[in-house]
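Novice: Below is the file structure_21.txt, which contains compact mmCIF, C-alpha atoms.
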# COMPACT_ATOMS: atom_id res chain seq x y z
CA MET A 1 25.73 52.19 -30.25
CA VAL A 2 26.87 52.96 -26.76
CA ALA A 3 30.63 52.47 -26.48
CA ARG A 4 32.93 51.35 -23.67
CA TRP A 5 35.59 53.94 -22.86
CA GLU A 6 39.28 53.07 -23.01
CA THR A 7 41.08 53.29 -19.65
CA LEU A 8 44.24 55.43 -19.80
CA ASN A 9 45.25 55.76 -16.19
CA LYS A 10 44.07 54.81 -12.70
CA THR A 11 45.38 56.45 -9.52
CA PRO A 12 44.34 55.71 -5.94
CA ILE A 13 43.22 58.98 -4.35
CA ALA A 14 42.09 57.78 -0.96
CA ASP A 15 41.95 54.66 1.12
CA LEU A 16 38.51 54.92 2.69
CA LYS A 17 38.88 51.67 4.67
CA ILE A 18 35.88 49.87 3.20
CA PHE A 19 37.00 50.69 -0.35
CA THR A 20 39.69 52.51 -2.27
CA ALA A 21 38.79 55.58 -4.30
CA HIS A 22 40.49 55.80 -7.69
CA ALA A 23 40.67 58.62 -10.20
CA VAL A 24 40.36 56.79 -13.51
CA GLN A 25 41.25 58.59 -16.70
CA ARG A 26 39.41 57.28 -19.74
CA ARG A 27 39.05 58.11 -23.40
CA HIS A 28 35.88 57.66 -25.41
CA PRO A 29 36.69 55.41 -28.40
CA THR A 30 34.66 57.39 -30.95
CA HIS A 31 34.62 61.10 -30.17
CA GLY A 32 37.95 60.98 -28.29
CA HIS A 33 36.88 62.93 -25.19
CA ILE A 34 39.12 62.27 -22.20
CA GLY A 35 37.70 62.54 -18.70
CA THR A 36 38.67 61.62 -15.15
CA PHE A 37 36.11 59.65 -13.18
CA THR A 38 35.85 58.52 -9.56
CA VAL A 39 35.66 54.77 -9.05
CA LEU A 40 35.37 53.07 -5.66
CA GLU A 41 36.92 49.62 -5.67
CA SER A 42 35.62 47.20 -3.10
CA ALA A 43 35.42 43.51 -2.36
CA GLU A 44 32.26 41.75 -3.53
CA TRP A 45 29.27 42.05 -1.22
CA VAL A 46 26.70 39.47 -0.17
CA ASN A 47 23.38 39.47 1.57
CA ILE A 48 21.07 36.66 2.59
CA ILE A 49 17.41 36.04 3.32
CA PRO A 50 17.31 33.56 6.20
CA LEU A 51 13.85 32.01 6.30
CA THR A 52 12.50 30.10 9.31
CA ARG A 53 10.05 27.19 9.15
CA ASN A 54 7.38 29.62 10.40
CA ASN A 55 7.85 31.69 7.25
CA GLU A 56 9.65 34.52 8.99
CA ILE A 57 12.63 36.38 7.60
CA VAL A 58 15.46 36.80 10.10
CA MET A 59 16.26 40.51 9.89
CA ILE A 60 18.54 42.76 11.91
CA GLN A 61 18.21 46.17 13.42
CA GLN A 62 21.53 47.89 13.18
CA TYR A 63 22.95 51.37 13.65
CA ARG A 64 24.27 52.64 10.32
CA HIS A 65 26.92 55.34 10.14
CA GLY A 66 26.01 56.60 6.65
CA THR A 67 22.46 57.60 7.51
CA ASP A 68 23.19 58.01 11.26
CA SER A 69 20.09 55.94 11.95
CA ILE A 70 18.91 52.47 12.94
CA THR A 71 17.88 50.39 9.95
CA LEU A 72 16.13 47.08 9.39
CA GLU A 73 18.02 44.85 6.96
CA VAL A 74 18.77 41.28 6.05
CA PRO A 75 22.23 40.06 7.12
CA GLY A 76 25.11 40.79 4.78
CA GLY A 77 28.66 41.98 4.41
CA LEU A 78 31.89 41.62 2.50
CA VAL A 79 33.29 38.51 0.84
CA GLU A 80 36.61 37.97 2.60
CA GLU A 81 39.87 36.78 1.06
CA GLY A 82 39.62 33.09 0.20
CA GLU A 83 35.85 32.88 0.65
CA ASN A 84 33.21 32.19 -1.96
CA PRO A 85 30.10 34.41 -1.91
CA CYS A 86 27.83 31.65 -0.59
CA GLY A 87 30.18 30.88 2.30
CA ALA A 88 30.45 34.60 3.10
CA ALA A 89 26.65 35.00 3.12
CA MET A 90 26.15 32.03 5.46
CA ARG A 91 28.98 33.24 7.73
CA GLU A 92 27.49 36.75 7.97
CA CYS A 93 24.11 35.27 8.78
CA LYS A 94 25.50 33.11 11.57
CA GLU A 95 27.70 35.89 12.98
CA GLU A 96 25.02 38.55 12.92
CA THR A 97 21.95 36.54 13.92
CA GLY A 98 23.00 33.11 15.20
CA TYR A 99 20.57 31.58 12.69
CA GLY A 100 21.60 28.93 10.21
CA ALA A 101 20.69 25.68 8.54
CA PRO A 102 22.69 22.52 7.80
CA HIS A 103 22.34 22.84 4.00
CA GLU A 104 23.81 25.47 1.66
CA ALA A 105 22.04 28.74 0.88
CA LEU A 106 20.67 29.23 -2.65
CA LEU A 107 21.74 32.07 -4.96
CA VAL A 108 18.64 34.08 -5.97
CA GLY A 109 20.27 36.97 -7.83
CA VAL A 110 23.30 39.16 -8.39
CA ASN A 111 23.15 42.95 -8.62
CA GLU A 112 25.49 45.85 -9.17
CA PRO A 113 25.16 48.12 -6.13
CA ASN A 114 26.12 51.21 -8.13
CA PRO A 115 27.68 50.72 -11.57
CA ALA A 116 28.13 54.50 -11.91
CA PHE A 117 31.01 54.59 -9.44
CA MET A 118 31.44 51.20 -7.74
CA ASN A 119 33.14 48.22 -9.37
CA ASN A 120 31.64 45.45 -7.28
CA ARG A 121 28.61 43.17 -7.23
CA CYS A 122 26.30 41.98 -4.49
CA TYR A 123 25.22 38.31 -4.40
CA SER A 124 21.86 37.59 -2.78
CA TYR A 125 21.03 34.24 -1.18
CA LEU A 126 18.01 32.47 0.25
CA TRP A 127 18.57 30.17 3.22
CA GLN A 128 15.53 28.10 4.03
CA ASP A 129 14.66 26.23 7.24
CA CYS A 130 16.90 28.44 9.36
CA ARG A 131 16.80 28.23 13.12
CA LEU A 132 18.74 29.66 16.02
CA GLU A 133 21.77 27.42 16.22
CA TYR A 134 24.76 29.57 17.11
CA SER A 135 25.72 32.43 19.40
CA PRO A 136 25.78 35.60 17.32
CA GLN A 137 29.30 37.04 17.06
CA PRO A 138 29.02 40.55 15.69
CA ASP A 139 32.12 42.57 14.78
CA GLU A 140 33.60 44.89 17.41
CA PHE A 141 31.51 47.90 16.37
CA GLU A 142 28.39 45.97 15.40
CA ASP A 143 25.46 46.30 17.77
CA ILE A 144 22.66 44.20 16.40
CA ALA A 145 19.14 43.17 17.40
CA VAL A 146 17.44 40.31 15.56
CA GLU A 147 13.85 40.84 14.39
CA LEU A 148 11.80 38.01 12.90
CA VAL A 149 9.55 39.51 10.23
CA PRO A 150 6.69 37.33 8.93
CA VAL A 151 6.88 37.08 5.14
CA SER A 152 3.27 38.27 5.02
CA ARG A 153 4.30 41.66 6.44
CA ILE A 154 7.20 42.37 4.09
CA SER A 155 5.29 44.55 1.60
CA GLU A 156 3.79 46.58 4.46
CA TYR A 157 7.31 47.12 5.86
CA ILE A 158 8.56 48.22 2.44
CA ARG A 159 5.63 50.57 1.80
CA SER A 160 6.03 52.22 5.20
CA GLY A 161 9.75 52.77 4.66
CA LYS A 162 10.68 50.51 7.58
CA ILE A 163 12.77 48.44 5.16
CA ALA A 164 14.64 50.99 3.02
CA HIS A 165 18.15 49.69 2.27
CA SER A 166 18.34 49.29 -1.51
CA LEU A 167 20.33 46.05 -1.28
CA THR A 168 17.85 44.46 1.13
CA LEU A 169 15.03 45.54 -1.21
CA THR A 170 16.89 44.04 -4.17
CA ALA A 171 17.36 40.73 -2.33
CA LEU A 172 13.63 40.68 -1.51
CA LEU A 173 12.78 41.33 -5.17
CA PHE A 174 15.01 38.41 -6.23
CA TYR A 175 13.27 36.24 -3.64
CA MET A 176 9.81 37.26 -4.89
CA LEU A 177 10.82 36.44 -8.48
CA ARG A 178 12.16 33.10 -7.27
CA VAL A 179 8.95 32.08 -5.52
CA GLY A 180 6.78 33.73 -8.18
CA ILE A 181 4.66 35.86 -5.85
CA LEU A 182 4.63 39.47 -4.78
CA LEU A 183 4.91 39.37 -0.99
CA MET B 1 18.04 48.03 22.19
CA VAL B 2 20.23 49.12 19.33
CA ALA B 3 21.63 52.59 20.04
CA ARG B 4 22.54 55.55 17.84
CA TRP B 5 26.16 56.59 18.24
CA GLU B 6 27.06 60.14 19.26
CA THR B 7 29.01 62.09 16.63
CA LEU B 8 32.23 63.64 18.00
CA ASN B 9 33.97 64.91 14.92
CA LYS B 10 33.60 64.98 11.13
CA THR B 11 36.47 65.78 8.76
CA PRO B 12 36.37 65.85 4.96
CA ILE B 13 39.07 63.50 3.69
CA ALA B 14 38.50 63.70 -0.04
CA ASP B 15 36.37 65.51 -2.54
CA LEU B 16 35.48 62.73 -4.96
CA LYS B 17 33.43 65.01 -7.25
CA ILE B 18 30.12 63.15 -7.00
CA PHE B 19 30.36 63.10 -3.20
CA THR B 20 32.60 64.12 -0.32
CA ALA B 21 34.19 61.49 1.84
CA HIS B 22 34.22 62.25 5.56
CA ALA B 23 35.96 60.56 8.44
CA VAL B 24 33.36 60.69 11.20
CA GLN B 25 34.40 60.00 14.77
CA ARG B 26 31.60 58.64 16.90
CA ARG B 27 31.11 57.32 20.41
CA HIS B 28 28.70 54.55 21.35
CA PRO B 29 26.34 55.92 24.01
CA THR B 30 26.34 52.80 26.20
CA HIS B 31 29.66 50.99 26.05
CA GLY B 32 31.64 54.14 25.20
CA HIS B 33 33.65 52.73 22.29
CA ILE B 34 34.98 55.44 19.97
CA GLY B 35 35.54 54.68 16.30
CA THR B 36 36.20 56.53 13.07
CA PHE B 37 33.93 55.68 10.15
CA THR B 38 33.88 56.64 6.48
CA VAL B 39 30.76 58.47 5.33
CA LEU B 40 30.15 59.64 1.77
CA GLU B 41 27.94 62.71 1.65
CA SER B 42 26.02 63.25 -1.54
CA ALA B 43 23.02 65.11 -2.89
CA GLU B 44 19.75 63.15 -2.95
CA TRP B 45 19.27 60.85 -5.93
CA VAL B 46 16.23 60.16 -8.06
CA ASN B 47 15.19 57.63 -10.64
CA ILE B 48 12.06 57.27 -12.70
CA ILE B 49 10.05 54.62 -14.51
CA PRO B 50 8.73 56.28 -17.66
CA LEU B 51 5.86 54.17 -18.97
CA THR B 52 4.47 54.49 -22.51
CA ARG B 53 0.84 53.89 -23.51
CA ASN B 54 2.03 50.61 -25.05
CA ASN B 55 3.12 49.43 -21.60
CA GLU B 56 6.81 49.77 -22.29
CA ILE B 57 9.36 51.12 -19.84
CA VAL B 58 11.70 53.69 -21.36
CA MET B 59 15.14 52.43 -20.33
CA ILE B 60 18.64 53.53 -21.24
CA GLN B 61 21.80 51.76 -22.22
CA GLN B 62 24.71 53.65 -20.77
CA TYR B 63 28.43 53.16 -20.26
CA ARG B 64 29.17 53.08 -16.53
CA HIS B 65 32.61 53.91 -15.19
CA GLY B 66 32.27 51.95 -11.94
CA THR B 67 31.75 48.57 -13.58
CA ASP B 68 33.47 49.58 -16.86
CA SER B 69 30.49 48.15 -18.72
CA ILE B 70 27.32 49.06 -20.54
CA THR B 71 24.24 48.78 -18.34
CA LEU B 72 20.49 48.89 -18.84
CA GLU B 73 18.80 51.22 -16.37
CA VAL B 74 15.87 53.53 -15.87
CA PRO B 75 16.72 57.26 -16.12
CA GLY B 76 17.99 58.95 -12.99
CA GLY B 77 20.53 61.27 -11.46
CA LEU B 78 21.16 63.88 -8.78
CA VAL B 79 18.72 66.37 -7.34
CA GLU B 80 20.27 69.73 -8.16
CA GLU B 81 20.33 72.85 -5.99
CA GLY B 82 16.86 74.39 -5.83
CA GLU B 83 15.08 71.38 -7.35
CA ASN B 84 12.56 69.08 -5.72
CA PRO B 85 13.04 65.33 -6.28
CA CYS B 86 10.03 65.03 -8.61
CA GLY B 87 11.27 67.88 -10.82
CA ALA B 88 14.75 66.33 -10.89
CA ALA B 89 13.36 62.93 -11.91
CA MET B 90 11.28 64.39 -14.76
CA ARG B 91 14.23 66.54 -15.90
CA GLU B 92 16.58 63.53 -15.97
CA CYS B 93 14.01 61.56 -17.95
CA LYS B 94 13.60 64.30 -20.55
CA GLU B 95 17.34 64.97 -20.82
CA GLU B 96 18.35 61.33 -21.07
CA THR B 97 15.52 59.93 -23.22
CA GLY B 98 13.45 62.78 -24.68
CA TYR B 99 10.35 61.09 -23.23
CA GLY B 100 7.91 62.91 -21.01
CA ALA B 101 4.26 63.55 -20.22
CA PRO B 102 2.31 66.72 -19.46
CA HIS B 103 1.37 65.65 -15.93
CA GLU B 104 3.61 65.16 -12.87
CA ALA B 105 5.34 61.88 -12.08
CA LEU B 106 4.14 59.90 -9.07
CA LEU B 107 6.37 58.97 -6.10
CA VAL B 108 6.38 55.17 -5.69
CA GLY B 109 9.04 54.77 -3.00
CA VAL B 110 12.12 56.10 -1.27
CA ASN B 111 15.18 54.01 -0.49
CA GLU B 112 18.56 54.42 1.16
CA PRO B 113 21.18 53.47 -1.46
CA ASN B 114 23.64 52.39 1.20
CA PRO B 115 23.00 53.38 4.81
CA ALA B 116 26.29 51.78 5.88
CA PHE B 117 28.37 54.58 4.37
CA MET B 118 26.18 56.95 2.32
CA ASN B 119 23.99 59.63 3.87
CA ASN B 120 21.55 60.13 1.02
CA ARG B 121 18.25 58.74 -0.23
CA CYS B 122 16.96 57.84 -3.67
CA TYR B 123 13.39 58.81 -4.65
CA SER B 124 11.70 56.60 -7.25
CA TYR B 125 8.93 57.87 -9.52
CA LEU B 126 6.46 56.46 -12.01
CA TRP B 127 5.61 58.60 -15.04
CA GLN B 128 2.70 57.20 -16.98
CA ASP B 129 1.62 57.96 -20.58
CA CYS B 130 5.10 59.07 -21.59
CA ARG B 131 5.91 59.71 -25.23
CA LEU B 132 8.83 61.08 -27.20
CA GLU B 133 8.38 64.83 -26.90
CA TYR B 134 11.83 66.38 -26.56
CA SER B 135 15.31 66.12 -28.00
CA PRO B 136 17.43 64.20 -25.51
CA GLN B 137 20.18 66.39 -24.03
CA PRO B 138 22.63 64.14 -22.26
CA ASP B 139 25.48 65.60 -20.20
CA GLU B 140 28.86 66.10 -21.86
CA PHE B 141 30.14 62.63 -21.01
CA GLU B 142 26.82 60.79 -21.27
CA ASP B 143 26.44 58.52 -24.27
CA ILE B 144 23.01 57.02 -24.11
CA ALA B 145 20.81 54.72 -26.21
CA VAL B 146 17.11 54.45 -25.41
CA GLU B 147 15.57 50.96 -25.21
CA LEU B 148 11.83 50.44 -24.83
CA VAL B 149 11.33 47.34 -22.70
CA PRO B 150 7.82 45.83 -22.60
CA VAL B 151 6.63 45.51 -19.01
CA SER B 152 5.93 41.82 -19.70
CA ARG B 153 9.66 41.20 -20.21
CA ILE B 154 10.93 42.90 -17.06
CA SER B 155 11.20 39.78 -14.89
CA GLU B 156 13.03 37.93 -17.68
CA TYR B 157 15.49 40.85 -17.94
CA ILE B 158 16.04 40.79 -14.18
CA ARG B 159 16.50 37.02 -14.02
CA SER B 160 19.02 37.05 -16.86
CA GLY B 161 21.03 39.84 -15.21
CA LYS B 162 20.38 42.25 -18.08
CA ILE B 163 18.91 44.66 -15.54
CA ALA B 164 21.33 44.59 -12.58
CA HIS B 165 21.63 48.10 -11.10
CA SER B 166 20.32 47.86 -7.54
CA LEU B 167 18.56 51.23 -7.72
CA THR B 168 16.76 50.34 -10.96
CA LEU B 169 15.73 47.03 -9.35
CA THR B 170 14.48 48.89 -6.28
CA ALA B 171 12.42 51.28 -8.44
CA LEU B 172 10.90 48.28 -10.24
CA LEU B 173 10.04 46.64 -6.91
CA PHE B 174 8.29 49.84 -5.76
CA TYR B 175 6.39 49.90 -9.06
CA MET B 176 5.31 46.26 -8.66
CA LEU B 177 4.09 46.95 -5.11
CA ARG B 178 2.21 49.99 -6.42
CA VAL B 179 0.36 48.07 -9.14
CA GLY B 180 0.05 44.97 -6.97
CA ILE B 181 1.51 42.47 -9.42
CA LEU B 182 4.83 40.76 -9.85
CA LEU B 183 5.95 41.70 -13.37
Mind turning the file's structure into structure tokens?

Specialist:
Amino acid sequence: MVARWETLNKTPIADLKIFTAHAVQRRHPTHGHIGTFTVLESAEWVNIIPLTRNNEIVMIQQYRHGTDSITLEVPGGLVEEGENPCGAAMRECKEETGYGAPHEALLVGVNEPNPAFMNNRCYSYLWQDCRLEYSPQPDEFEDIAVELVPVSRISEYIRSGKIAHSLTLTALLFYMLRVGILL
Amino acid sequence: MVARWETLNKTPIADLKIFTAHAVQRRHPTHGHIGTFTVLESAEWVNIIPLTRNNEIVMIQQYRHGTDSITLEVPGGLVEEGENPCGAAMRECKEETGYGAPHEALLVGVNEPNPAFMNNRCYSYLWQDCRLEYSPQPDEFEDIAVELVPVSRISEYIRSGKIAHSLTLTALLFYMLRVGILL
């Protein structure tokens, strides 16, 4: 059987703003090997599929510093202190797009963004019957354009690479499993 | 329109073994704001869906240091110096599971694991007609158990959270779009 390692020591090696990098020393319970592994600790993440009554997904074009490119994604972000994941997902949606609905969003799935070196999870929500209700309030460095993507074009956008963020793709997969059809 | 920022400076702040963390200073081309952003630079990643003639996906149970838990994933890893992504994916599959096929694997999609702070991509492959042909040769710290998962049980495994790694989920979505059915 595959065994969980025993944690011996954990030292922060860098505060990278969005997460803290730790060097974690662990021992394998059976063969006794000791190794030091990099773990990034972060708050939980959320993303959300806001769906309009016209069967469009409210997506955002956004400049992303990792890839130095403009991406097309569903809204999302960090769960802040004192928030629950659903509240965080609805807040991000309203802040980034101005879209919302009077009822609560529905959890469609939870994933691990990268269990190899990240400790957190990402909660994905579906928010039906969304409409433009608020003024978007992006963060200081966020520069966002809303794009309404008809559900019928999602697979074409994925195949062409226009939608490429793994966490947006994961949310869309959860949504497809929820509704029982491949978009 | 959403604008790409102009890069002013890039400084390595930590070598975290699997990637290098950089502090990148950038200026927005329109409003002139300057900010410093964390970017993790890494080699390209690959993962692969090895499919047997019995319509099973060759998956692996593996201890993961990020989540400190045992996960169920498709094989995958880093593209090494001098390799192409397809060769890397087939190598990882053989090393981790011992499964392989005499023909080349097929690219089913490319994603960006996290464009917000990672610069790399992940290439996903499908390798049909795989069978046990090699002795698995996991890395020093890899402790892996192979699990053959019938394709018909994939959606159940996703819904229950048994398969939760975002990059495995993304590879499965690409596979579903390729074959045109929701598993």

Novice: For chain A, which residues have at least one atom within 8 Å of chain B, if we go by all atoms listed in the file? Write them as a ChimeraX atom specification, please.

Specialist: /A:1-5,13-14,16-18,21,33,35,37-40,61-71,109-120,141,143-145,155,159,161,164-167,169-170,173,176-177,180-182

Novice: Just C-alpha atoms for this one: save the residues we selected as a PDB file, in the coordinates of the input.

Specialist:
ATOM      1  CA  MET A   1      25.730  52.190 -30.250  1.00  0.00           C
ATOM      2  CA  VAL A   2      26.870  52.960 -26.760  1.00  0.00           C
ATOM      3  CA  ALA A   3      30.630  52.470 -26.480  1.00  0.00           C
ATOM      4  CA  ARG A   4      32.930  51.350 -23.670  1.00  0.00           C
ATOM      5  CA  TRP A   5      35.590  53.940 -22.860  1.00  0.00           C
ATOM      6  CA  ILE A  13      43.220  58.980  -4.350  1.00  0.00           C
ATOM      7  CA  ALA A  14      42.090  57.780  -0.960  1.00  0.00           C
ATOM      8  CA  LEU A  16      38.510  54.920   2.690  1.00  0.00           C
ATOM      9  CA  LYS A  17      38.880  51.670   4.670  1.00  0.00           C
ATOM     10  CA  ILE A  18      35.880  49.870   3.200  1.00  0.00           C
ATOM     11  CA  ALA A  21      38.790  55.580  -4.300  1.00  0.00           C
ATOM     12  CA  HIS A  33      36.880  62.930 -25.190  1.00  0.00           C
ATOM     13  CA  GLY A  35      37.700  62.540 -18.700  1.00  0.00           C
ATOM     14  CA  PHE A  37      36.110  59.650 -13.180  1.00  0.00           C
ATOM     15  CA  THR A  38      35.850  58.520  -9.560  1.00  0.00           C
ATOM     16  CA  VAL A  39      35.660  54.770  -9.050  1.00  0.00           C
ATOM     17  CA  LEU A  40      35.370  53.070  -5.660  1.00  0.00           C
ATOM     18  CA  GLN A  61      18.210  46.170  13.420  1.00  0.00           C
ATOM     19  CA  GLN A  62      21.530  47.890  13.180  1.00  0.00           C
ATOM     20  CA  TYR A  63      22.950  51.370  13.650  1.00  0.00           C
ATOM     21  CA  ARG A  64      24.270  52.640  10.320  1.00  0.00           C
ATOM     22  CA  HIS A  65      26.920  55.340  10.140  1.00  0.00           C
ATOM     23  CA  GLY A  66      26.010  56.600   6.650  1.00  0.00           C
ATOM     24  CA  THR A  67      22.460  57.600   7.510  1.00  0.00           C
ATOM     25  CA  ASP A  68      23.190  58.010  11.260  1.00  0.00           C
ATOM     26  CA  SER A  69      20.090  55.940  11.950  1.00  0.00           C
ATOM     27  CA  ILE A  70      18.910  52.470  12.940  1.00  0.00           C
ATOM     28  CA  THR A  71      17.880  50.390   9.950  1.00  0.00           C
ATOM     29  CA  GLY A 109      20.270  36.970  -7.830  1.00  0.00           C
ATOM     30  CA  VAL A 110      23.300  39.160  -8.390  1.00  0.00           C
ATOM     31  CA  ASN A 111      23.150  42.950  -8.620  1.00  0.00           C
ATOM     32  CA  GLU A 112      25.490  45.850  -9.170  1.00  0.00           C
ATOM     33  CA  PRO A 113      25.160  48.120  -6.130  1.00  0.00           C
ATOM     34  CA  ASN A 114      26.120  51.210  -8.130  1.00  0.00           C
ATOM     35  CA  PRO A 115      27.680  50.720 -11.570  1.00  0.00           C
ATOM     36  CA  ALA A 116      28.130  54.500 -11.910  1.00  0.00           C
ATOM     37  CA  PHE A 117      31.010  54.590  -9.440  1.00  0.00           C
ATOM     38  CA  MET A 118      31.440  51.200  -7.740  1.00  0.00           C
ATOM     39  CA  ASN A 119      33.140  48.220  -9.370  1.00  0.00           C
ATOM     40  CA  ASN A 120      31.640  45.450  -7.280  1.00  0.00           C
ATOM     41  CA  PHE A 141      31.510  47.900  16.370  1.00  0.00           C
ATOM     42  CA  ASP A 143      25.460  46.300  17.770  1.00  0.00           C
ATOM     43  CA  ILE A 144      22.660  44.200  16.400  1.00  0.00           C
ATOM     44  CA  ALA A 145      19.140  43.170  17.400  1.00  0.00           C
ATOM     45  CA  SER A 155       5.290  44.550   1.600  1.00  0.00           C
ATOM     46  CA  ARG A 159       5.630  50.570   1.800  1.00  0.00           C
ATOM     47  CA  GLY A 161       9.750  52.770   4.660  1.00  0.00           C
ATOM     48  CA  ALA A 164      14.640  50.990   3.020  1.00  0.00           C
ATOM     49  CA  HIS A 165      18.150  49.690   2.270  1.00  0.00           C
ATOM     50  CA  SER A 166      18.340  49.290  -1.510  1.00  0.00           C
ATOM     51  CA  LEU A 167      20.330  46.050  -1.280  1.00  0.00           C
ATOM     52  CA  LEU A 169      15.030  45.540  -1.210  1.00  0.00           C
ATOM     53  CA  THR A 170      16.890  44.040  -4.170  1.00  0.00           C
ATOM     54  CA  LEU A 173      12.780  41.330  -5.170  1.00  0.00           C
ATOM     55  CA  MET A 176       9.810  37.260  -4.890  1.00  0.00           C
ATOM     56  CA  LEU A 177      10.820  36.440  -8.480  1.00  0.00           C
ATOM     57  CA  GLY A 180       6.780  33.730  -8.180  1.00  0.00           C
ATOM     58  CA  ILE A 181       4.660  35.860  -5.850  1.00  0.00           C
ATOM     59  CA  LEU A 182       4.630  39.470  -4.780  1.00  0.00           C
TER      60      LEU A 182
END

Novice: With only C-alpha atoms as the counted atoms, please give the residues lying no more than 6 Å from stretch 74-77 of chain A, apart from itself and same-chain residues fewer than 5 positions off, as an MDAnalysis selection string.

Specialist: chainID A and resid 45:48 59 92:93 168

Novice: I'd like the contact shell of A:Ser135 - 10 Å cut-off, all atoms listed in the file, skipping same-chain residues fewer than 6 positions apart - returned as a PyMOL selection string.

Specialist: chain A and resi 94-99

Novice: Between atom CA of B:Tyr123 and atom CA of A:Ile154, what is the distance, to one decimal in Å?

Specialist: 19.6 Å

Novice: By how many Å are atom CA of B:Tyr157 and atom CA of A:Pro150 apart?

Specialist: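 Going from atom CA of B:Tyr157 over to atom CA of A:Pro150 covers 28.5 Å.
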
Novice: Considering only C-alpha atoms, state which residue in the set A:Arg27, A:Lys10, A:Arg91, A:His103 is at the smallest distance from A:Asp129.

Specialist: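 Residue with the minimum atom-to-atom distance to A:Asp129: A:His103.
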